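See structure below.
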Amino acid sequence: MGKEECALLGCQWTLSQAELVLAEIHQRDLNLTTIFVIHAHLDHYLAAAVFKNAYPNAKLVAPSDACRIINKQFTDKADYLEEVIGKYNLPVKKKN
């Protein structure tokens, strides 16, 4: 990447953390081109949607095994996550 573009390695796990990173990207006037989710730890994927919504043309890259784990893990942990980080700090909406 360079002076105009950037990539993100790990997406944070709370809305407030993701917003801080987004603010830094905006302040530096960079275009986020790629979002890497390298494995299924919450701090590496939970706020990916925040970045994808802010930069819809950014490519989201993740290993297929991580995607399978994430799909199951988030559904299983959604209520727990809301308790731990707060419903307003959860960067994605729970499925009801």
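Naming works like this for the structure tokens: A, B, ... for the chains as they're shown, residue 1 at the start of each chain, ligands 1 onward in shown order.
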
Quick one: pick out all strand (DSSP E) residues within chain A from a backbone DSSP run and write them as an mmCIF file with C-alpha atoms, in the first residue's frame.
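Final output, saved to result00.cif:
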data_model
loop_
_atom_site.group_PDB
_atom_site.id
_atom_site.type_symbol
_atom_site.label_atom_id
_atom_site.label_comp_id
_atom_site.auth_asym_id
_atom_site.auth_seq_id
_atom_site.Cartn_x
_atom_site.Cartn_y
_atom_site.Cartn_z
ATOM 1 C CA GLU A 5 -4.318 3.219 -0.139
ATOM 2 C CA CYS A 6 -4.186 0.953 2.875
ATOM 3 C CA ALA A 7 -5.088 -2.570 3.933
ATOM 4 C CA LEU A 8 -6.373 -3.753 7.278
ATOM 5 C CA LEU A 9 -5.057 -6.844 9.034
ATOM 6 C CA ASN A 31 -8.663 4.407 0.630
ATOM 7 C CA LEU A 32 -9.112 1.054 2.360
ATOM 8 C CA THR A 33 -8.729 -1.499 -0.429
ATOM 9 C CA THR A 34 -8.425 -4.834 1.385
ATOM 10 C CA ILE A 35 -9.634 -6.206 4.713
ATOM 11 C CA PHE A 36 -7.827 -9.352 5.852
ATOM 12 C CA LYS A 59 -12.048 -6.656 -0.830
ATOM 13 C CA LEU A 60 -12.725 -8.851 2.241
ATOM 14 C CA VAL A 61 -10.296 -11.775 2.338
#

Report as a PyMOL selection string: the residues of chain A with a DSSP assignment of helix (DSSP H, G or I), based on the backbone of this structure.
-> chain A and resi 15-27+42-45+48-54+64-85

Save out the residues we just selected, C-alpha atoms, as a short mmCIF file (atom, residue, chain, number, x, y, z; two decimals), in the first residue's frame.
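Dumped to selection-v1.cif:
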data_model
loop_
_atom_site.label_atom_id
_atom_site.label_comp_id
_atom_site.auth_asym_id
_atom_site.auth_seq_id
_atom_site.Cartn_x
_atom_site.Cartn_y
_atom_site.Cartn_z
CA LEU A 15 -17.67 -0.76 17.41
CA SER A 16 -15.75 1.89 19.36
CA GLN A 17 -12.38 0.33 18.46
CA ALA A 18 -13.35 0.05 14.79
CA GLU A 19 -14.48 3.67 14.72
CA LEU A 20 -11.08 4.78 16.06
CA VAL A 21 -9.31 2.90 13.27
CA LEU A 22 -11.73 4.31 10.69
CA ALA A 23 -11.06 7.81 11.98
CA GLU A 24 -7.33 7.27 11.50
CA ILE A 25 -7.87 6.03 7.93
CA HIS A 26 -10.11 9.02 7.16
CA GLN A 27 -7.72 11.49 8.79
CA LEU A 42 -13.19 -12.28 17.61
CA ASP A 43 -10.71 -9.40 17.55
CA HIS A 44 -9.79 -10.30 13.98
CA TYR A 45 -13.28 -10.42 12.49
CA ALA A 48 -15.31 -6.42 9.65
CA ALA A 49 -18.76 -5.17 8.62
CA VAL A 50 -18.00 -1.71 10.00
CA PHE A 51 -15.06 -1.39 7.62
CA LYS A 52 -16.88 -3.01 4.71
CA ASN A 53 -19.81 -0.59 5.16
CA ALA A 54 -17.45 2.39 5.21
CA SER A 64 -12.52 -20.71 4.02
CA ASP A 65 -11.95 -22.64 7.26
CA ALA A 66 -12.06 -19.37 9.21
CA CYS A 67 -15.35 -18.46 7.49
CA ARG A 68 -16.97 -21.72 8.58
CA ILE A 69 -15.85 -21.21 12.18
CA ILE A 70 -16.94 -17.55 12.20
CA ASN A 71 -20.42 -18.39 10.89
CA LYS A 72 -20.99 -20.85 13.73
CA GLN A 73 -19.08 -18.97 16.42
CA PHE A 74 -20.88 -15.65 16.09
CA THR A 75 -24.33 -17.22 16.22
CA ASP A 76 -23.36 -19.23 19.29
CA LYS A 77 -21.75 -16.26 21.09
CA ALA A 78 -24.00 -13.32 20.16
CA ASP A 79 -25.80 -13.11 23.52
CA TYR A 80 -22.55 -13.53 25.44
CA LEU A 81 -20.85 -10.81 23.40
CA GLU A 82 -23.67 -8.39 24.07
CA GLU A 83 -23.21 -8.97 27.80
CA VAL A 84 -19.42 -8.51 27.64
CA ILE A 85 -19.06 -5.49 25.37
#

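For the set A:Pro56, A:Gly10, A:Pro91, A:Pro63, the residue with the smallest atom-to-atom gap to His41 in chain A is A:Gly10, counting only C-alpha atoms.
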
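Distance-wise, CA of Gly86 in chain A and CA of Asn57 in chain A end up 29.2 Å apart.
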
Which of these residues is nearest to Asn89 in chain A, using only C-alpha atoms: A:Cys11, A:Ala47, A:Leu30, A:Ala40?
->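 Once distances to Asn89 in chain A are computed over only C-alpha atoms, the minimum belongs to A:Ala47.
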